[in-house]
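Take a look at the structure below.
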Amino acid sequence: MKEITRRPLTEIPKVYDPAAEEGRWYDFWEKKGFFRPEVNPEKPPFTIVIPPPNITGSLHMGHALNNTLQDILIRRRRMQGYEALWLPGTDHASIATEVKVEEWLAQEGTSKEEIGREAFLQRAWEWREKYGSTIVRQLKKLGSSCDWSRERFTLDEGCSRAVIEVFVRLFEKGLIYRGDYITNWCPDCQTVISDIEVEHEEKMGHLWHIKYPLKDGSGHVTVATTRPESMLGDTSVAVNPGDDRYQGFIGKTVILPIVGREIPIIADEYVNPAFGTGAVKVTPAHDPNDFDMGERHNLPKVVVIGRDGRMTAEAGRYQGMDRFECRRALVEDLKEQGFLLEIKDHTHAVGHCYRCQSVVEPLVTTQWFVRMKPLAEPAIEAVKNGEITFVPERFTKVYLNWMENIRDWCISRQLWWGHRIPAWYCRKCGEITVARQAPDGCAICGSARLEQDPDVLDTWFSSALWPFSTLGWPEETPELGYFFPTGVLVTAYDIIFFWVARMIFSSLEYTGKRPFHTVLIHGLVRAADGRKMSKSLGNGIDPLDIIDQYGADALRFSLVTGLTPGNDMRFYMEKVEGARNFANKLWNAARFVLMNLEDFDPDTGGPDAAELSLADRWIISRYNRVIGEVDRLIDGYELGEAARSVYDFLWNEYCDWYIELAKPRLYGKEDPAGRRATQATLHRVLEGTLRLLHPFMPFVTEAIWQNLPHAGASIMVAPWPRSSEGEIDESAERAMAIIIEATRALRNLRAEFGVAPGKRAEATLIAIDSEAEAILREQAAYIQSLTTADLTVVPAGGKRPAQTVAQITSNAEIHLSLKGLIDLEREIERLNKDLQQTEAELEKSQRKLSNEGFLSKAAPEIVERERGRATELAAKARRLQERLALFDQMR
RNA sequence: GGGCGAAUAGCUCAGCGGGAGAGCACCUGCCUUACAAGCAGGGGGUCACAGGUUCAAAUCCUGUUUCGCCCACCA
């Protein structure tokens, strides 16, 4: 079906206006249903699941980059004939949202504690209704071709069902357990967080040396600590069993200063004799290592710091103090009472909450954990054996290193917004029931007094299931069967552990399949000065502002050009301007083509091959090469290079040369068949290049495409271009190289010798051989039109004109007539400079060719090329010398 | 303490075994009937440093320096 909706030329503005085009094309695509693939066994599927943005978020540059990359991949696959599903959705973002809702309540003068769990959740859902889709609307402005009819939410019914299913299965398999362990407690968020949610920051601190007197009065041991306040909870002092200094101390008792508690000196291999004093105070309730030592030696746990970060009753007179306040007070007291021996500067890593940046407090709490070792093994294997590939490859190591050293995952959170843990406790007998649905009674004692665990699951527990929970798992839906496993997962390197790793082991465990075959990792978008864009620095640039001002295409293009997978990039306005200019360039090239296509009907069949001009054949050849190039680059995920490749072709070849060369043929009246052949080529190459560019710049390409004669409803469902080997024309490319070189040489002479642009010049081209002569002669009209000159082509060895300045190219001498205006000295200088350069290069080349090793070991085609090059350079040098000799005589 | 990345033109970055590239900026000339968000021409680089491998190194190897990142329970 052919559909032509061409606009009159007068309605096409000279400057491309993205604001006028983008919105309506997006609506058009959406209405036509182009974003919605079907389960169609006749066609191959290609699936990408979006990294679900938080409902609390709004689109930032990181999202813009991430989604641009996904859109490029998905649009190309769709054009290639895949059933391309880009599955969108959002994440409930447990802590982040809970904080937002609490703020909201605070504004109303109330709190979550006051209104209670149920009311709080209702408010949270309200909040989500109100703000949760902000980011979705913004993604549409970017051009994201997501299937919105399948939009999911990590807390929706289906995803929740998957979460419960997984929890129950893991529990039944013994891979989920509950227990009291030392965990990372955030006193501000009032919840435990997992190990990877703790950010370590090297900080300058102190190492306090404190004297612990022996009970028997025979002396003391000195311990070193970075957190003196924790000593209030000490229940032992440990030394290394092999440490000679302390042999006599092991088994003795010391008296804890200030507190007065009697605690034993124990021996434990963990203690490093070389660090500090070689004696460690042991606080099992407030330090992970001490906790382990406590377990080994059966030490009591004395909790001195509470969940609010304040000292407990166990802290005696420090009770109620903030932990840092207590530190100051305690140090003072120790000093006063003579227990403080020394304070040394010491840098150490302090853990901070990734959400609120508070210093994390290690506390013993009751939590749920996932036993990781058994899950990690297949996840390691799948990456090692190449089932899942990271791009760039170096992230494989990062992933494996983490997986191989993985520790159990703390999944419970002391929050309300999220998936509530499906565990019920019997108030009567204490039995724990884990079930898909609330049980009627206790399985052991039959009591109906059951209480569900108040905690919710880590947000990442549900995102880990995203690639299959969104397709209906645990149900064996047709969608799951068809679209899963997915293809490429596109994400930034900072969530490899949080998300990618967890999707991999989850998918392997529950579906038995890999979640995706490729993980495309990109970097962070930084500010122009290289710093991270952040709210606190106030240096963030809103992608929507850029879209409003320059268009989504310009934003997308500037994010993708110059991008190397895995590397950070800088965002600066000059780049956006460049991309905007490119869109405009394209727009105007299209305007030119349209202006010259008014009497052209693409349906009357392609032009006869014989009617194609050199320029036609050349641009068709180049076009086919570029298709191959772009395919190769996209297949290798080098999207930045692919974009550059189209850019260069369109601007530097199609616009700069082909359009210019097409003009004489289009304007000429004497060759209607030739004119038609050029019209056809102009149209065909532009139309095809638009399709190549469409994944990168969807809007402008559609806007233009709809104005061109076209078949089909939209460029986004038009077929992806295919490279045709048969149309690659080496001889046309060689000939064009000669034309281009000659044209440049002549333009250069004109510019350098100040021949006014409008003025008709006279030029003589002396070919180096008969082949070059033929080409120059045939194409003389082109060169004339490109240089505003009258040309005479002279065969090799022909007579040189007098009174000219010249440039020697590899295939010709280009003479510009100056008739007595020549500055002899200046010309000699110019030629000499060229000769010097040529000779230097020639010498280099000859040195290579006289190298026995080069001749015998280098690839034959390399040697051949070098020979050709040397011959060319020698000829050029000889001609330059002749020319110089001539001027010398004239002097 | 381990690991990774970056270092190439004034700036931002490609290139990653065979002739140093792009965009922006800069200089010169042009409102040439697609585009001044443009056209034509031009200048500009011991590819961080030191060794090594190779016929051949910006590119591979080793080390060094500077910057950045990630991981790690020595108090």
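Here's how to read the names in the structure tokens: chain A, B, ... by the order shown, residue numbers from 1 in each chain, ligand numbers from 1 in the order shown.
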Practice task
Pick out the residues sitting within 9 Å of A:Val383, and hand them over as a PyMOL selection string; count only C-alpha atoms (C1' of nucleotides), and ignore anything fewer than 6 positions along from it in its own chain.
Solution key: chain A and resi 389-390+396+399-400
Using only C-alpha atoms (C1' of nucleotides), find each residue in chain A having at least one atom no more than 8 Å away from chain B; report its shortest atom-to-atom pair and that distance in Å (one decimal), rows by chain then rising number, as JSON lines.
```
{"residue": "A:Lys14", "atom": "CA", "partner": "B:C35", "partner_atom": "C1'", "distance": 7.3}
{"residue": "A:Val15", "atom": "CA", "partner": "B:A37", "partner_atom": "C1'", "distance": 8.0}
{"residue": "A:Ala224", "atom": "CA", "partner": "B:A75", "partner_atom": "C1'", "distance": 6.6}
{"residue": "A:Thr225", "atom": "CA", "partner": "B:A75", "partner_atom": "C1'", "distance": 5.5}
{"residue": "A:Thr226", "atom": "CA", "partner": "B:A75", "partner_atom": "C1'", "distance": 7.0}
{"residue": "A:Val271", "atom": "CA", "partner": "B:C74", "partner_atom": "C1'", "distance": 7.5}
{"residue": "A:Asn272", "atom": "CA", "partner": "B:C74", "partner_atom": "C1'", "distance": 6.4}
{"residue": "A:Phe275", "atom": "CA", "partner": "B:C74", "partner_atom": "C1'", "distance": 6.7}
{"residue": "A:Gly276", "atom": "CA", "partner": "B:A75", "partner_atom": "C1'", "distance": 7.8}
{"residue": "A:Val280", "atom": "CA", "partner": "B:A75", "partner_atom": "C1'", "distance": 6.0}
{"residue": "A:Lys281", "atom": "CA", "partner": "B:A75", "partner_atom": "C1'", "distance": 7.5}
{"residue": "A:Pro288", "atom": "CA", "partner": "B:C73", "partner_atom": "C1'", "distance": 6.0}
{"residue": "A:Asn289", "atom": "CA", "partner": "B:C73", "partner_atom": "C1'", "distance": 5.6}
{"residue": "A:Arg394", "atom": "CA", "partner": "B:C4", "partner_atom": "C1'", "distance": 8.0}
{"residue": "A:Trp402", "atom": "CA", "partner": "B:C71", "partner_atom": "C1'", "distance": 7.9}
{"residue": "A:Gly562", "atom": "CA", "partner": "B:C13", "partner_atom": "C1'", "distance": 6.0}
{"residue": "A:Asn567", "atom": "CA", "partner": "B:G5", "partner_atom": "C1'", "distance": 7.8}
{"residue": "A:Arg570", "atom": "CA", "partner": "B:U12", "partner_atom": "C1'", "distance": 7.6}
{"residue": "A:Glu574", "atom": "CA", "partner": "B:C24", "partner_atom": "C1'", "distance": 6.5}
{"residue": "A:Lys575", "atom": "CA", "partner": "B:G23", "partner_atom": "C1'", "distance": 7.6}
{"residue": "A:Glu577", "atom": "CA", "partner": "B:A37", "partner_atom": "C1'", "distance": 7.7}
{"residue": "A:Gly578", "atom": "CA", "partner": "B:G23", "partner_atom": "C1'", "distance": 7.4}
{"residue": "A:Arg580", "atom": "CA", "partner": "B:A37", "partner_atom": "C1'", "distance": 7.1}
{"residue": "A:Asn581", "atom": "CA", "partner": "B:A37", "partner_atom": "C1'", "distance": 4.7}
{"residue": "A:Asn584", "atom": "CA", "partner": "B:A37", "partner_atom": "C1'", "distance": 6.6}
{"residue": "A:Lys585", "atom": "CA", "partner": "B:C35", "partner_atom": "C1'", "distance": 5.9}
{"residue": "A:Asn588", "atom": "CA", "partner": "B:A34", "partner_atom": "C1'", "distance": 4.7}
{"residue": "A:Ala589", "atom": "CA", "partner": "B:A34", "partner_atom": "C1'", "distance": 5.2}
{"residue": "A:Ala590", "atom": "CA", "partner": "B:A34", "partner_atom": "C1'", "distance": 7.3}
{"residue": "A:Arg591", "atom": "CA", "partner": "B:A34", "partner_atom": "C1'", "distance": 5.6}
{"residue": "A:Phe592", "atom": "CA", "partner": "B:A34", "partner_atom": "C1'", "distance": 4.1}
{"residue": "A:Val593", "atom": "CA", "partner": "B:A34", "partner_atom": "C1'", "distance": 7.7}
{"residue": "A:Glu641", "atom": "CA", "partner": "B:A14", "partner_atom": "C1'", "distance": 7.7}
{"residue": "A:Arg747", "atom": "CA", "partner": "B:G41", "partner_atom": "C1'", "distance": 7.2}
{"residue": "A:Asn748", "atom": "CA", "partner": "B:G41", "partner_atom": "C1'", "distance": 5.8}
{"residue": "A:Ala751", "atom": "CA", "partner": "B:G41", "partner_atom": "C1'", "distance": 5.7}
{"residue": "A:Glu752", "atom": "CA", "partner": "B:G41", "partner_atom": "C1'", "distance": 7.5}
{"residue": "A:Pro757", "atom": "CA", "partner": "B:C30", "partner_atom": "C1'", "distance": 7.0}
{"residue": "A:Gly758", "atom": "CA", "partner": "B:U32", "partner_atom": "C1'", "distance": 7.9}
{"residue": "A:Asn851", "atom": "CA", "partner": "B:C55", "partner_atom": "C1'", "distance": 6.8}
{"residue": "A:Glu852", "atom": "CA", "partner": "B:C55", "partner_atom": "C1'", "distance": 7.1}
{"residue": "A:Gly853", "atom": "CA", "partner": "B:C55", "partner_atom": "C1'", "distance": 3.9}
{"residue": "A:Phe854", "atom": "CA", "partner": "B:C55", "partner_atom": "C1'", "distance": 3.8}
{"residue": "A:Leu855", "atom": "CA", "partner": "B:C55", "partner_atom": "C1'", "distance": 7.3}
{"residue": "A:Ser856", "atom": "CA", "partner": "B:C55", "partner_atom": "C1'", "distance": 7.7}
{"residue": "A:Lys857", "atom": "CA", "partner": "B:C55", "partner_atom": "C1'", "distance": 6.1}
{"residue": "A:Ala858", "atom": "CA", "partner": "B:C55", "partner_atom": "C1'", "distance": 6.8}
{"residue": "A:Ile862", "atom": "CA", "partner": "B:G18", "partner_atom": "C1'", "distance": 6.8}
```
Exercise for the section: Taking the DSSP assignment computed from this structure's backbone, write out as a ChimeraX atom specification all residues of stretch 461-525 of chain A that belong to strand (DSSP E or B). Expected result: /A:486-492,516-522,525
Using the selection just defined, write its residues with N, CA, C and O atoms as a PDB file, in the first residue's frame.
```pdb
ATOM      1  N   THR A 486      14.687 -12.394  27.529  1.00  0.00           N
ATOM      2  CA  THR A 486      14.785 -11.131  26.816  1.00  0.00           C
ATOM      3  C   THR A 486      16.141 -11.042  26.109  1.00  0.00           C
ATOM      4  O   THR A 486      16.964 -11.953  26.218  1.00  0.00           O
ATOM      5  N   GLY A 487      16.346  -9.962  25.376  1.00  0.00           N
ATOM      6  CA  GLY A 487      17.564  -9.840  24.591  1.00  0.00           C
ATOM      7  C   GLY A 487      18.671  -9.102  25.323  1.00  0.00           C
ATOM      8  O   GLY A 487      19.578  -9.699  25.890  1.00  0.00           O
ATOM      9  N   VAL A 488      18.565  -7.805  25.309  1.00  0.00           N
ATOM     10  CA  VAL A 488      19.632  -6.983  25.857  1.00  0.00           C
ATOM     11  C   VAL A 488      19.113  -6.228  27.076  1.00  0.00           C
ATOM     12  O   VAL A 488      17.988  -5.736  27.076  1.00  0.00           O
ATOM     13  N   LEU A 489      19.918  -6.170  28.089  1.00  0.00           N
ATOM     14  CA  LEU A 489      19.582  -5.388  29.267  1.00  0.00           C
ATOM     15  C   LEU A 489      20.520  -4.191  29.259  1.00  0.00           C
ATOM     16  O   LEU A 489      21.733  -4.360  29.210  1.00  0.00           O
ATOM     17  N   VAL A 490      19.966  -3.005  29.256  1.00  0.00           N
ATOM     18  CA  VAL A 490      20.789  -1.800  29.158  1.00  0.00           C
ATOM     19  C   VAL A 490      20.766  -1.060  30.488  1.00  0.00           C
ATOM     20  O   VAL A 490      19.707  -0.665  30.966  1.00  0.00           O
ATOM     21  N   THR A 491      21.929  -0.878  31.063  1.00  0.00           N
ATOM     22  CA  THR A 491      21.945  -0.196  32.354  1.00  0.00           C
ATOM     23  C   THR A 491      23.304   0.415  32.649  1.00  0.00           C
ATOM     24  O   THR A 491      24.291   0.110  32.002  1.00  0.00           O
ATOM     25  N   ALA A 492      23.329   1.279  33.648  1.00  0.00           N
ATOM     26  CA  ALA A 492      24.585   1.915  34.041  1.00  0.00           C
ATOM     27  C   ALA A 492      25.352   0.997  34.979  1.00  0.00           C
ATOM     28  O   ALA A 492      24.773   0.135  35.633  1.00  0.00           O
ATOM     29  N   PHE A 516      18.536 -12.645  30.006  1.00  0.00           N
ATOM     30  CA  PHE A 516      18.895 -11.895  28.791  1.00  0.00           C
ATOM     31  C   PHE A 516      20.241 -12.431  28.335  1.00  0.00           C
ATOM     32  O   PHE A 516      20.943 -13.071  29.111  1.00  0.00           O
ATOM     33  N   HIS A 517      20.567 -12.205  27.072  1.00  0.00           N
ATOM     34  CA  HIS A 517      21.853 -12.728  26.612  1.00  0.00           C
ATOM     35  C   HIS A 517      22.978 -11.710  26.695  1.00  0.00           C
ATOM     36  O   HIS A 517      24.139 -12.058  26.727  1.00  0.00           O
ATOM     37  N   THR A 518      22.605 -10.430  26.728  1.00  0.00           N
ATOM     38  CA  THR A 518      23.635  -9.398  26.739  1.00  0.00           C
ATOM     39  C   THR A 518      23.300  -8.315  27.754  1.00  0.00           C
ATOM     40  O   THR A 518      22.146  -7.914  27.893  1.00  0.00           O
ATOM     41  N   VAL A 519      24.313  -7.874  28.455  1.00  0.00           N
ATOM     42  CA  VAL A 519      24.156  -6.732  29.349  1.00  0.00           C
ATOM     43  C   VAL A 519      24.986  -5.598  28.773  1.00  0.00           C
ATOM     44  O   VAL A 519      26.211  -5.683  28.713  1.00  0.00           O
ATOM     45  N   LEU A 520      24.297  -4.574  28.299  1.00  0.00           N
ATOM     46  CA  LEU A 520      25.018  -3.421  27.750  1.00  0.00           C
ATOM     47  C   LEU A 520      25.162  -2.378  28.852  1.00  0.00           C
ATOM     48  O   LEU A 520      24.184  -1.824  29.337  1.00  0.00           O
ATOM     49  N   ILE A 521      26.395  -2.156  29.230  1.00  0.00           N
ATOM     50  CA  ILE A 521      26.664  -1.242  30.340  1.00  0.00           C
ATOM     51  C   ILE A 521      27.078   0.124  29.798  1.00  0.00           C
ATOM     52  O   ILE A 521      27.940   0.222  28.926  1.00  0.00           O
ATOM     53  N   HIS A 522      26.451   1.153  30.319  1.00  0.00           N
ATOM     54  CA  HIS A 522      26.915   2.497  29.957  1.00  0.00           C
ATOM     55  C   HIS A 522      27.361   3.230  31.205  1.00  0.00           C
ATOM     56  O   HIS A 522      27.164   2.757  32.323  1.00  0.00           O
ATOM     57  N   VAL A 525      26.273  10.204  33.041  1.00  0.00           N
ATOM     58  CA  VAL A 525      26.319  11.472  32.322  1.00  0.00           C
ATOM     59  C   VAL A 525      26.780  12.529  33.311  1.00  0.00           C
ATOM     60  O   VAL A 525      26.128  12.760  34.330  1.00  0.00           O
TER      61      VAL A 525
END
```
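For A:Glu361, the non-local neighbours within 7 Å, defined as residues at least 2 positions apart in the same chain or in other chains and counting only C-alpha atoms (C1' of nucleotides), are Asn184, Trp185, Cys186, Val359 and Leu363 of chain A.
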Handout entry: Within 9 Å of A:Ile421 using only C-alpha atoms (C1' of nucleotides), minus same-chain residues under 6 positions, as a PyMOL selection string
Key = chain A and resi 164+167+412+434+452-457
Handout entry: Within 12 Å of B:G10 using only C-alpha atoms (C1' of nucleotides), minus same-chain residues under 3 positions, as a list in words
Key = C24, A25, C26, G44 and G45 of chain B
Spatial neighbours of A:Met321, 7 Å, only C-alpha atoms (C1' of nucleotides), chain gap at least 4 places, as a PDB file with N, CA and C atoms, in the first residue's frame:
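Output saved as around.pdb:
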```pdb
ATOM      1  N   ARG A 310      20.932   6.545  69.739  1.00  0.00           N
ATOM      2  CA  ARG A 310      21.243   7.087  71.065  1.00  0.00           C
ATOM      3  C   ARG A 310      21.645   5.967  72.010  1.00  0.00           C
ATOM      4  N   MET A 311      22.351   6.365  73.086  1.00  0.00           N
ATOM      5  CA  MET A 311      22.860   5.378  74.022  1.00  0.00           C
ATOM      6  C   MET A 311      21.706   4.814  74.854  1.00  0.00           C
ATOM      7  N   GLU A 325      27.923  12.296  70.411  1.00  0.00           N
ATOM      8  CA  GLU A 325      28.009  13.109  71.619  1.00  0.00           C
ATOM      9  C   GLU A 325      28.645  12.266  72.722  1.00  0.00           C
ATOM     10  N   CYS A 326      28.209  11.035  72.790  1.00  0.00           N
ATOM     11  CA  CYS A 326      28.739  10.117  73.802  1.00  0.00           C
ATOM     12  C   CYS A 326      30.232   9.926  73.593  1.00  0.00           C
TER      13      CYS A 326
END
```
Handout entry: Backbone-only DSSP, helix (DSSP H, G or I) members of stretch 394-446 of chain A, as a list in words
Key =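 Across stretch 394-446 of chain A, those assigned helix (DSSP H, G or I) are Phe395, Thr396, Lys397, Val398, Tyr399, Leu400, Asn401, Trp402, Met403 and Glu404 of chain A.
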Practice task
Please provide the set of residues having any atom within 12 Å of B:U62, restricted to only C-alpha atoms (C1' of nucleotides), with same-chain residues fewer than 5 positions apart removed, written as a PyMOL selection string.
Solution key: chain B and resi 50-53
Handout entry: One-decimal distance in Å that lies between atom CA of A:Leu633 and atom CA of A:Ala859
Key =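 Between atom CA of A:Ala859 and atom CA of A:Leu633 the gap is 25.7 Å.
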